[in-house]
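This is entry_23.txt (compact mmCIF, C-alpha atoms).
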# COMPACT_ATOMS: atom_id res chain seq x y z
CA MET A 10 31.28 22.96 -65.56
CA ASN A 11 32.57 19.78 -67.12
CA ASN A 12 35.94 19.83 -68.81
CA SER A 13 35.16 18.00 -72.03
CA TYR A 14 37.26 20.50 -73.97
CA ILE A 15 40.35 18.89 -72.44
CA ILE A 16 41.37 15.78 -74.36
CA GLY A 17 44.67 14.95 -72.75
CA LYS A 18 47.91 16.19 -71.26
CA ILE A 19 51.09 17.27 -72.94
CA ASN A 20 54.57 18.10 -71.63
CA SER A 21 55.50 21.69 -72.39
CA GLY A 22 59.14 21.12 -71.49
CA THR A 23 58.77 22.63 -68.05
CA MET A 24 55.40 21.35 -66.98
CA VAL A 25 52.44 19.25 -67.96
CA VAL A 26 49.68 21.29 -69.57
CA PRO A 27 46.16 20.32 -70.62
CA GLN A 28 45.64 19.59 -74.28
CA THR A 29 42.54 20.83 -76.07
CA SER A 30 41.23 20.23 -79.55
CA ALA A 31 39.76 22.31 -82.35
CA SER A 32 36.56 20.30 -82.57
CA LEU A 33 33.66 21.54 -80.50
CA LYS A 34 31.27 19.08 -78.91
CA PRO A 35 27.47 19.29 -78.70
CA GLU A 36 27.68 20.54 -75.12
CA ASP A 37 29.87 23.46 -76.30
CA PHE A 38 27.10 24.53 -78.70
CA ARG A 39 24.43 24.04 -76.05
CA GLY A 40 26.45 26.12 -73.62
CA ALA A 41 26.84 28.87 -76.23
CA VAL A 42 23.08 29.12 -76.81
CA MET A 43 22.38 29.20 -73.08
CA VAL A 44 24.93 31.87 -72.36
CA ARG A 45 23.72 34.10 -75.22
CA TRP A 46 20.33 34.06 -73.56
CA GLY A 47 21.86 35.05 -70.27
CA PHE A 48 21.81 31.71 -68.45
CA ARG A 49 24.85 30.75 -66.38
CA ARG A 50 26.81 33.56 -67.96
CA ASP A 51 28.48 34.52 -64.71
CA ASN A 52 30.13 31.16 -64.61
CA TYR A 53 30.89 30.42 -68.25
CA ARG A 54 34.59 30.39 -67.82
CA ILE A 55 37.56 28.08 -68.00
CA GLU A 56 40.66 27.88 -65.88
CA ALA A 57 43.37 30.38 -66.78
CA GLY A 58 46.81 29.12 -67.76
CA LEU A 59 48.64 27.45 -70.62
CA TYR A 60 46.93 24.97 -72.94
CA ALA A 61 48.20 22.98 -75.89
CA ILE A 62 46.23 22.59 -79.09
CA GLY A 63 47.35 19.82 -81.42
CA ASN A 64 50.92 18.79 -80.69
CA PRO A 65 52.91 21.98 -80.30
CA ASP A 66 56.66 22.22 -79.76
CA SER A 67 59.05 25.02 -78.93
CA ASN A 68 58.67 26.59 -82.38
CA SER A 69 54.90 26.77 -82.21
CA ASP A 70 52.90 29.96 -81.99
CA VAL A 71 51.45 31.27 -78.75
CA PHE A 72 47.89 32.62 -78.85
CA VAL A 73 46.65 34.71 -75.96
CA THR A 74 42.96 34.83 -75.09
CA SER A 75 40.44 35.36 -72.31
CA ASN A 76 38.92 32.74 -70.05
CA TYR A 77 35.36 33.33 -71.23
CA LYS A 78 34.53 29.90 -72.58
CA LEU A 79 32.69 31.24 -75.64
CA THR A 80 35.85 33.09 -76.64
CA PHE A 81 38.11 30.13 -75.91
CA ASP A 82 35.87 27.82 -77.96
CA ASN A 83 35.81 30.27 -80.84
CA LEU A 84 39.60 30.49 -80.83
CA ARG A 85 40.30 26.75 -80.74
CA LYS A 86 37.68 26.10 -83.41
CA ASN A 87 39.62 28.43 -85.70
CA LEU A 88 42.96 26.81 -84.90
CA SER A 89 42.08 23.48 -86.50
CA GLY A 90 45.16 21.93 -88.06
CA ILE A 91 47.48 24.27 -86.16
CA ASP A 92 49.80 23.07 -83.42
CA GLY A 93 50.07 25.86 -80.93
CA TRP A 94 50.02 27.08 -77.38
CA ILE A 95 47.05 28.95 -75.95
CA LEU A 96 47.72 31.25 -73.03
CA VAL A 97 44.44 31.95 -71.24
CA LEU A 98 44.33 35.04 -69.03
CA ASP A 99 42.02 35.24 -66.05
CA THR A 100 39.49 37.81 -67.28
CA LYS A 101 36.78 36.68 -64.82
CA GLY A 102 34.85 35.00 -67.60
CA VAL A 103 34.58 38.13 -69.74
CA ASN A 104 35.42 38.31 -73.46
CA VAL A 105 38.64 39.90 -74.71
CA TRP A 106 37.34 43.30 -75.78
CA CYS A 107 35.28 43.97 -72.68
CA ALA A 108 37.96 42.59 -70.41
CA ALA A 109 40.50 44.81 -72.15
CA GLY A 110 38.24 47.78 -71.45
CA LYS A 111 38.12 46.85 -67.78
CA GLY A 112 41.85 46.08 -67.68
CA THR A 113 41.55 42.40 -66.74
CA PHE A 114 42.79 41.51 -70.22
CA GLY A 115 45.66 43.87 -69.61
CA THR A 116 49.38 44.42 -69.53
CA LYS A 117 49.71 43.40 -65.89
CA GLU A 118 47.72 40.20 -66.22
CA LEU A 119 49.57 39.22 -69.40
CA VAL A 120 53.00 39.83 -67.89
CA LYS A 121 52.01 37.88 -64.80
CA SER A 122 50.77 34.94 -66.86
CA ILE A 123 53.85 34.84 -69.08
CA LYS A 124 56.00 34.62 -65.97
CA LEU A 125 53.72 32.14 -64.24
CA VAL A 126 53.95 29.58 -67.04
CA SER A 127 57.63 30.42 -67.77
CA LEU A 128 56.79 30.98 -71.40
CA GLU A 129 60.44 31.61 -72.24
CA ASN A 130 61.09 27.94 -71.44
CA VAL A 131 58.12 26.70 -73.44
CA VAL A 132 58.98 28.34 -76.76
CA ASN A 133 62.31 29.33 -78.26
CA HIS A 134 61.00 32.45 -79.98
CA LYS A 135 59.68 35.76 -78.66
CA ARG A 136 56.41 36.06 -80.54
CA ILE A 137 52.99 36.08 -78.92
CA ILE A 138 49.78 36.65 -80.83
CA LEU A 139 47.02 38.68 -79.25
CA PRO A 140 43.61 39.45 -80.66
CA GLN A 141 43.66 43.02 -81.91
CA LEU A 142 40.83 44.06 -79.60
CA GLY A 143 43.04 43.14 -76.64
CA ALA A 144 45.02 46.29 -77.45
CA THR A 145 42.53 48.34 -75.45
CA GLY A 146 44.05 46.78 -72.32
CA VAL A 147 47.56 45.78 -73.33
CA ALA A 148 50.47 48.10 -74.02
CA ALA A 149 52.67 46.03 -76.31
CA PHE A 150 55.83 48.02 -75.61
CA LYS A 151 55.48 47.48 -71.86
CA VAL A 152 55.06 43.73 -72.31
CA LYS A 153 58.27 43.78 -74.34
CA GLU A 154 60.07 45.73 -71.62
CA GLU A 155 58.96 43.43 -68.85
CA THR A 156 59.11 40.00 -70.49
CA GLY A 157 61.04 40.29 -73.73
CA PHE A 158 58.08 38.98 -75.70
CA ASN A 159 56.88 40.83 -78.80
CA VAL A 160 53.15 41.28 -78.95
CA HIS A 161 51.79 40.75 -82.45
CA TYR A 162 48.27 42.07 -82.70
CA GLY A 163 46.32 39.64 -84.80
CA PRO A 164 43.03 40.09 -86.57
CA VAL A 165 39.82 41.20 -84.86
CA LEU A 166 38.18 37.88 -85.65
CA ALA A 167 39.64 34.49 -84.76
CA SER A 168 38.36 33.24 -88.10
CA ASP A 169 41.07 35.32 -89.83
CA ILE A 170 43.96 33.82 -87.83
CA LYS A 171 45.12 31.41 -90.51
CA LYS A 172 45.14 34.18 -93.11
CA PHE A 173 47.03 36.36 -90.63
CA ILE A 174 49.71 33.72 -90.12
CA ALA A 175 49.93 32.98 -93.84
CA ALA A 176 50.49 36.69 -94.48
CA GLY A 177 53.56 36.61 -92.22
CA TYR A 178 51.83 37.72 -89.00
CA ARG A 179 50.29 40.77 -90.62
CA ALA A 180 46.68 41.79 -90.33
CA ASP A 181 45.48 43.71 -93.35
CA LYS A 182 42.95 46.54 -93.30
CA VAL A 183 39.95 44.25 -93.56
CA MET A 184 41.09 42.01 -90.71
CA ARG A 185 41.68 44.99 -88.46
CA LYS A 186 38.26 46.49 -88.75
CA VAL A 187 35.34 45.85 -86.45
CA LYS A 188 32.13 45.40 -88.33
CA PHE A 189 28.64 45.42 -86.95
CA GLY A 190 26.63 43.60 -89.57
CA LEU A 191 23.20 42.09 -89.30
CA ALA A 192 24.53 38.70 -88.12
CA ASP A 193 26.55 40.36 -85.33
CA ARG A 194 23.56 42.36 -84.22
CA ILE A 195 21.23 39.37 -84.22
CA LYS A 196 23.63 37.34 -82.06
CA LEU A 197 23.69 40.08 -79.43
CA ILE A 198 19.96 40.76 -79.22
CA PRO A 199 19.08 37.88 -76.85
CA ASN A 200 21.53 39.12 -74.25
CA ASP A 201 20.16 42.65 -74.38
CA PHE A 202 16.61 41.38 -74.35
CA MET A 203 17.35 39.55 -71.11
CA TYR A 204 19.41 42.38 -69.66
CA GLY A 205 16.45 44.75 -69.61
CA LYS A 206 13.96 42.27 -68.23
CA TYR A 207 13.45 44.09 -64.94
CA TYR A 208 12.63 47.33 -66.73
CA LEU A 209 10.17 45.36 -68.83
CA LEU A 210 8.54 43.59 -65.89
CA GLY A 211 8.41 46.84 -63.91
CA ALA A 212 6.69 48.69 -66.75
CA MET A 213 4.27 45.81 -67.32
CA PHE A 214 3.40 45.73 -63.64
CA LEU A 215 2.81 49.49 -63.57
CA VAL A 216 0.43 49.56 -66.55
CA PHE A 217 -1.35 46.54 -65.14
CA LEU A 218 -1.88 48.35 -61.82
CA ILE A 219 -3.24 51.41 -63.62
CA SER A 220 -5.46 49.29 -65.86
CA GLY A 221 -7.65 48.36 -62.91
CA LEU A 222 -8.42 51.95 -61.92
CA SER A 223 -11.72 53.62 -62.72
CA ARG A 224 -13.94 56.21 -61.08
CA HIS A 225 -15.96 53.37 -59.63
CA GLY A 226 -13.00 51.92 -57.76
CA ILE A 227 -10.37 49.30 -58.44
CA SER A 228 -11.03 46.06 -60.28
CA TYR A 229 -8.80 43.69 -62.20
CA ARG A 230 -11.55 41.39 -63.47
CA ASP A 231 -11.52 42.67 -67.04
CA PHE A 232 -8.02 41.41 -67.93
CA SER A 233 -8.70 40.87 -71.64
CA GLY A 234 -10.14 44.39 -71.98
CA GLY A 235 -7.77 46.21 -69.62
CA GLY A 236 -4.59 44.75 -68.14
CA GLY A 237 -3.89 42.29 -70.94
CA PRO A 238 -3.78 44.76 -73.84
CA ALA A 239 -1.84 47.23 -71.69
CA ILE A 240 0.82 44.63 -70.92
CA LEU A 241 0.97 43.66 -74.59
CA LYS A 242 1.57 47.26 -75.65
CA VAL A 243 4.42 47.57 -73.18
CA PHE A 244 5.92 44.32 -74.43
CA LEU A 245 5.71 45.47 -78.06
CA ALA A 246 7.32 48.79 -77.17
CA TYR A 247 10.15 46.87 -75.51
CA LEU A 248 10.54 44.69 -78.60
CA ALA A 249 10.63 47.79 -80.78
CA GLY A 250 13.50 49.15 -78.71
CA ILE A 251 15.59 46.04 -78.22
CA VAL A 252 14.78 43.88 -81.26
CA PHE A 253 13.54 46.01 -84.17
CA THR A 254 15.92 48.90 -83.54
CA PRO A 255 19.11 46.76 -83.50
CA LEU A 256 17.90 44.72 -86.46
CA LEU A 257 17.22 47.75 -88.62
CA LEU A 258 19.88 49.96 -87.02
CA PRO A 259 21.46 51.35 -90.22
CA TYR A 260 18.10 52.08 -91.81
CA ILE A 261 16.27 53.87 -89.01
CA PRO A 262 16.71 57.64 -89.22
CA GLY A 263 18.69 59.51 -86.57
CA ARG A 264 22.19 59.14 -85.16
CA GLN A 265 21.18 58.85 -81.53
CA PHE A 266 19.98 55.39 -80.52
CA SER A 267 17.28 57.01 -78.36
CA LEU A 268 15.92 58.74 -81.44
CA LYS A 269 16.05 55.55 -83.49
CA GLY A 270 14.19 53.80 -80.67
CA PHE A 271 11.61 56.57 -80.63
CA PHE A 272 10.89 55.98 -84.32
CA SER A 273 10.59 52.21 -83.82
CA GLY A 274 8.18 52.88 -80.99
CA MET A 275 6.13 55.08 -83.31
CA ILE A 276 5.53 52.09 -85.60
CA VAL A 277 4.08 50.20 -82.64
CA TYR A 278 2.01 53.25 -81.71
CA LEU A 279 0.64 53.59 -85.24
CA GLY A 280 -0.36 49.93 -85.10
CA PHE A 281 -2.16 50.64 -81.84
CA LEU A 282 -4.00 53.62 -83.38
CA LEU A 283 -5.20 51.46 -86.26
CA LEU A 284 -6.35 48.57 -84.07
CA LYS A 285 -7.52 50.35 -80.94
CA ASN A 286 -10.89 50.00 -79.37
CA PRO A 287 -12.95 52.97 -80.68
CA ALA A 288 -14.21 53.55 -77.14
CA THR A 289 -10.72 54.45 -75.89
CA ASN A 290 -10.80 58.07 -74.83
CA LEU A 291 -8.43 60.66 -76.26
CA VAL A 292 -6.43 61.13 -73.06
CA GLU A 293 -5.66 57.43 -72.86
CA THR A 294 -4.77 57.30 -76.54
CA VAL A 295 -2.32 60.15 -76.06
CA SER A 296 -0.92 58.55 -72.90
CA TRP A 297 0.11 55.50 -74.92
CA PHE A 298 2.07 57.72 -77.28
CA PHE A 299 4.23 58.80 -74.35
CA ILE A 300 4.55 55.39 -72.73
CA ILE A 301 5.37 53.45 -75.89
CA SER A 302 7.85 55.99 -77.23
CA THR A 303 9.67 56.33 -73.89
CA LEU A 304 10.06 52.61 -73.42
CA SER A 305 11.25 52.01 -76.93
CA SER A 306 13.61 54.97 -76.83
CA PHE A 307 15.09 53.98 -73.47
CA THR A 308 15.67 50.34 -74.37
CA ALA A 309 17.21 51.29 -77.72
CA MET A 310 19.49 53.71 -75.91
CA ASN A 311 20.88 50.82 -73.89
CA PHE A 312 21.95 49.14 -77.11
CA THR A 313 24.74 51.74 -77.36
CA GLY A 314 26.75 49.52 -75.02
CA THR A 315 26.35 46.53 -77.27
CA SER A 316 27.13 48.37 -80.47
CA THR A 317 30.72 48.63 -81.63
CA PHE A 318 30.90 52.22 -82.77
CA THR A 319 29.58 54.48 -80.01
CA SER A 320 32.00 56.59 -77.99
CA LEU A 321 31.75 57.51 -74.33
CA ALA A 322 31.65 61.22 -75.17
CA GLY A 323 28.92 60.59 -77.73
CA VAL A 324 26.72 58.52 -75.45
CA LYS A 325 27.05 61.12 -72.69
CA LYS A 326 25.94 63.79 -75.12
CA GLU A 327 23.02 61.69 -76.29
CA MET A 328 21.91 60.99 -72.74
CA LYS A 329 22.12 64.62 -71.70
CA LEU A 330 19.49 65.40 -74.29
CA PHE A 331 17.34 62.28 -74.22
CA VAL A 332 17.21 61.11 -70.61
CA PRO A 333 15.41 64.28 -69.42
CA LEU A 334 13.00 63.92 -72.35
CA GLN A 335 12.41 60.29 -71.47
CA ILE A 336 11.68 61.22 -67.87
CA ILE A 337 9.22 63.92 -68.95
CA PHE A 338 7.55 61.60 -71.45
CA ALA A 339 7.30 58.74 -68.96
CA SER A 340 5.77 61.00 -66.32
CA ALA A 341 3.33 62.51 -68.81
CA GLY A 342 2.38 59.04 -70.00
CA ILE A 343 1.68 57.70 -66.53
CA ILE A 344 -0.27 60.79 -65.41
CA LEU A 345 -2.41 60.84 -68.57
CA GLN A 346 -2.95 57.11 -68.28
CA VAL A 347 -4.37 57.50 -64.77
CA ILE A 348 -6.47 60.52 -65.76
CA GLY A 349 -7.76 58.57 -68.76
CA LYS A 350 -9.04 55.83 -66.48
CA PHE A 351 -11.08 58.27 -64.44
CA ILE A 352 -12.72 60.06 -67.34
CA ASN A 353 -13.59 56.93 -69.24
CA PRO A 354 -17.41 56.97 -69.37
CA SER A 355 -17.72 53.38 -70.55
CA LEU A 356 -16.50 51.99 -67.22
CA MET B 210 28.00 47.72 -96.08
CA LYS B 211 28.63 51.34 -95.25
CA ASP B 212 30.40 51.91 -91.95
CA LEU B 213 28.12 52.91 -89.14
CA ILE B 214 28.88 56.28 -87.66
CA TYR B 215 27.73 57.83 -84.40
CA LEU B 216 27.53 61.50 -83.39
CA PRO B 217 29.81 63.98 -85.17
CA ASP B 218 32.34 66.25 -83.42
CA VAL B 219 32.22 64.77 -79.93
CA VAL B 220 35.22 62.47 -79.82
CA THR B 221 38.03 63.39 -77.39
CA LEU B 222 40.81 61.81 -79.47
CA ALA B 223 43.82 64.05 -80.08
CA LEU B 224 47.16 63.44 -81.78
CA ASN B 225 50.30 65.47 -81.36
CA GLU B 226 52.00 64.99 -84.71
CA ASP B 227 55.24 66.58 -83.50
CA THR B 228 55.64 63.91 -80.82
CA CYS B 229 54.65 61.03 -83.10
CA ASN B 230 57.59 58.77 -83.95
CA GLY B 231 55.83 57.12 -86.86
CA CYS B 232 55.82 53.59 -85.41
CA GLY B 233 52.39 52.90 -86.88
CA MET B 234 51.07 51.05 -83.87
CA CYS B 235 47.91 53.18 -83.72
CA VAL B 236 47.04 52.15 -87.27
CA LYS B 237 47.42 48.50 -86.27
CA VAL B 238 45.27 48.58 -83.14
CA CYS B 239 42.46 50.89 -84.24
CA PRO B 240 39.28 48.95 -84.99
CA HIS B 241 37.74 51.75 -87.08
CA GLU B 242 40.49 52.88 -89.46
CA VAL B 243 40.76 56.26 -87.79
CA PHE B 244 44.48 56.65 -88.62
CA GLU B 245 46.60 56.68 -91.71
CA MET B 246 50.35 56.98 -92.11
CA TRP B 247 52.15 59.28 -94.45
CA ASP B 248 55.47 61.14 -94.28
CA HIS B 249 56.45 58.86 -91.35
CA LYS B 250 53.73 60.30 -89.16
CA ALA B 251 50.29 59.12 -88.10
CA HIS B 252 47.32 61.27 -89.07
CA ILE B 253 43.74 61.22 -87.88
CA VAL B 254 41.60 60.78 -90.98
CA ARG B 255 38.24 59.51 -89.69
CA LYS B 256 37.82 61.10 -86.30
CA ASP B 257 34.05 60.71 -86.09
CA TYR B 258 34.41 56.93 -86.39
CA CYS B 259 36.49 56.77 -83.20
CA MET B 260 34.75 54.94 -80.34
CA GLU B 261 37.25 56.04 -77.70
CA CYS B 262 38.35 52.50 -76.88
CA GLY B 263 41.79 53.81 -75.95
CA ALA B 264 43.86 51.13 -77.69
CA CYS B 265 45.89 53.65 -79.70
CA ALA B 266 46.82 55.87 -76.77
CA LEU B 267 47.73 52.90 -74.58
CA ASN B 268 50.00 51.47 -77.26
CA CYS B 269 51.64 54.77 -78.16
CA GLN B 270 55.17 54.60 -76.81
CA VAL B 271 55.79 58.34 -77.02
CA GLN B 272 52.39 59.41 -75.70
CA ALA B 273 51.52 61.38 -78.80
CA LEU B 274 47.91 60.29 -78.51
CA SER B 275 45.32 61.14 -75.92
CA VAL B 276 41.72 60.14 -75.57
CA LYS B 277 39.28 60.04 -72.68
CA SER B 278 38.49 56.39 -73.11
CA GLY B 279 35.65 54.48 -71.60
CA VAL B 280 32.54 52.51 -72.37
CA GLY B 281 30.15 54.11 -74.84
CA CYS B 282 27.31 52.43 -73.08
CA ALA B 283 24.20 54.09 -71.66
CA ALA B 284 23.63 51.34 -69.11
CA GLY B 285 27.25 51.68 -68.02
CA ILE B 286 26.89 55.43 -67.59
CA ILE B 287 23.74 54.94 -65.54
CA ASN B 288 25.57 52.31 -63.43
CA GLY B 289 28.38 54.78 -62.91
CA LEU B 290 26.00 57.55 -61.84
CA LEU B 291 24.20 55.27 -59.39
CA ARG B 292 27.46 54.10 -57.81
CA ASN B 293 29.20 57.42 -58.14
CA THR B 294 32.04 55.90 -60.16
CA GLU B 295 33.31 56.12 -63.72
CA PRO B 296 30.96 54.55 -66.27
CA THR B 297 31.18 50.82 -65.75
CA CYS B 298 29.72 47.86 -67.56
CA ASP B 299 28.55 44.97 -65.53
CA CYS B 300 26.39 43.33 -68.09
CA GLY B 301 28.57 40.26 -68.34
CA GLY B 302 30.44 38.58 -71.09
CA SER B 303 29.27 38.25 -74.60
CA SER B 304 28.14 41.64 -75.74
CA SER B 305 30.67 43.38 -77.85
CA CYS B 306 31.65 46.23 -75.64
CA CYS B 307 30.54 45.54 -72.16

What is this file in structure tokens?
Amino acid sequence: MNNSYIIGKINSGTMVVPQTSASLKPEDFRGAVMVRWGFRRDNYRIEAGLYAIGNPDSNSDVFVTSNYKLTFDNLRKNLSGIDGWILVLDTKGVNVWCAAGKGTFGTKELVKSIKLVSLENVVNHKRIILPQLGATGVAAFKVKEETGFNVHYGPVLASDIKKFIAAGYRADKVMRKVKFGLADRIKLIPNDFMYGKYYLLGAMFLVFLISGLSRHGISYRDFSGGGGPAILKVFLAYLAGIVFTPLLLPYIPGRQFSLKGFFSGMIVYLGFLLLKNPATNLVETVSWFFIISTLSSFTAMNFTGTSTFTSLAGVKKEMKLFVPLQIIFASAGIILQVIGKFINPSL
Amino acid sequence: MKDLIYLPDVVTLALNEDTCNGCGMCVKVCPHEVFEMWDHKAHIVRKDYCMECGACALNCQVQALSVKSGVGCAAGIINGLLRNTEPTCDCGGSSSCC
């Protein structure tokens, strides 16, 4: 990765540190789009360590963040006009909240980094600002014990940092709360769409294989009448689970994501019933009910990980009920699909 | 917008109010306004909104809070089952939880 986010060098008092700026360049935006769609995301990281933004001195604030470049870019963008220090922890290129969950954005890593850059020689105060969501991995009182620095948990969003500072390093109720609005959900859909691609391709391949069966043998010549529409139905079911369900999340009935996904899948199935070839036999028609609803339900269930309000205990409970149902539905769908091919008199 | 809420009565969060020293840290780190302070003690007021992230328990100096924290993520739970480990997210960087 190129280092265009570094614009110079600055002397911290004890060492020379790279200087960054609050203005993002076109390649930063390009990188952000790519990584949202799952390209190069394993390597979208910057080097850990201390950075300067603007022209900080020993009174300036210290902001701690992860080394996922999307996070780093978002932080510096929101620090425009502020002279400060940015302490980047090595979170293996993962954002703050997730890294905090895994412990890489954690007490140990923070203490180590503070010591590594001799932060006590860089600033003459004992205040470090962490994003609130880092609290899942960092025990503020332990950092205090081991380094003397006071962790101030800032707002959830970097965009509230200036308000937070202006309020005397206090995050109010609104700043502390994680929201999951439409814009948040839309941003996260591409990643989830790409994450499930092997399930999608696997399901497409399976229905394509079955589409060629008939009691007269195997033939894949009639793609537009057999394999094509089958693949399309699978694709639409996948979209229902991973695009429509997140988009309309608050409005779809049910608490469980699997159930919400089931309902989204039903919309696709109703569309299929309205548009289907009248010659389709009943068994095949019913088989699509099972296949579409399972796929949509399963992919929607995986959105629990992306959402910001599902608990481990809750997801376990949901899965205990829905995964067996999904397995039964998927099996029923595949069996009926095959049977449907052999009783279809038109072939 | 109304706050989104997941399943009721499943969350493992527990607070021992006798142990609580009233520092208020849990209120500060909770992303879902689960706690409120009164009479110099923390109180759980919106338990069903808890996502078991564990921030409150980790930052509680007197260990008055406990929660079985982890990723509320179906893919993570499946990963964990396949590898015979705790639920683990390996879906990379940008998604909100994992």

**Request:** Using all atoms listed in the file, find the residues of chain A whose closest atom to chain B is at most 7 Å away, then write them as a PyMOL selection string.
**Result:** chain A and resi 45+50-51+102-104+106-107+141+144-146+148-150+185-187+197+259+264+310-311+313-324

Taking C-alpha atoms for each residue, export the selection above as a compact mmCIF listing (two decimals), in the coordinates of the input.
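Final file, selection-v2.txt:
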# COMPACT_ATOMS: atom_id res chain seq x y z
CA ARG A 45 23.72 34.10 -75.22
CA ARG A 50 26.81 33.56 -67.96
CA ASP A 51 28.48 34.52 -64.71
CA GLY A 102 34.85 35.00 -67.60
CA VAL A 103 34.58 38.13 -69.74
CA ASN A 104 35.42 38.31 -73.46
CA TRP A 106 37.34 43.30 -75.78
CA CYS A 107 35.28 43.97 -72.68
CA GLN A 141 43.66 43.02 -81.91
CA ALA A 144 45.02 46.29 -77.45
CA THR A 145 42.53 48.34 -75.45
CA GLY A 146 44.05 46.78 -72.32
CA ALA A 148 50.47 48.10 -74.02
CA ALA A 149 52.67 46.03 -76.31
CA PHE A 150 55.83 48.02 -75.61
CA ARG A 185 41.68 44.99 -88.46
CA LYS A 186 38.26 46.49 -88.75
CA VAL A 187 35.34 45.85 -86.45
CA LEU A 197 23.69 40.08 -79.43
CA PRO A 259 21.46 51.35 -90.22
CA ARG A 264 22.19 59.14 -85.16
CA MET A 310 19.49 53.71 -75.91
CA ASN A 311 20.88 50.82 -73.89
CA THR A 313 24.74 51.74 -77.36
CA GLY A 314 26.75 49.52 -75.02
CA THR A 315 26.35 46.53 -77.27
CA SER A 316 27.13 48.37 -80.47
CA THR A 317 30.72 48.63 -81.63
CA PHE A 318 30.90 52.22 -82.77
CA THR A 319 29.58 54.48 -80.01
CA SER A 320 32.00 56.59 -77.99
CA LEU A 321 31.75 57.51 -74.33
CA ALA A 322 31.65 61.22 -75.17
CA GLY A 323 28.92 60.59 -77.73
CA VAL A 324 26.72 58.52 -75.45

**Request:** For a cut-off of 12 Å around (0.7, 47.8, -63.3), file coordinates, pick out all residues using all atoms listed in the file and list them as a PyMOL selection string.
**Result:** chain A and resi 209-222+229+232+235-240+243+343+346-347

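Atom CA of Pro35 of chain A sits 28.4 Å away from atom CA of Gly163 of chain A.
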
**Prompt:** Quick one: distance from atom CA of Leu257 of chain A to atom CA of Ser168 of chain A in Å, one decimal?
**Reply:**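 Between atom CA of Leu257 of chain A and atom CA of Ser168 of chain A the gap is 25.6 Å.
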
**Message:** Excluding Ser296 of chain A and its own-chain neighbours fewer than 4 positions away, which residues fall within 10 Å of it when counting only C-alpha atoms? Please give them as a ChimeraX atom specification.
**Reply:** /A:291-292,300-301,338-349

**Prompt:** Distance atom CA of Arg49 of chain A-atom CA of Thr116 of chain A, one decimal place?
**Reply:** 28.3 Å

**Request:** Tell me, as a ChimeraX atom specification, which residues lie within 10 Å of Gly63 of chain A, counting all atoms listed in the file; anything in the same chain fewer than 3 positions away does not count.
**Result:** /A:19,28-31,60,66,85,88-94
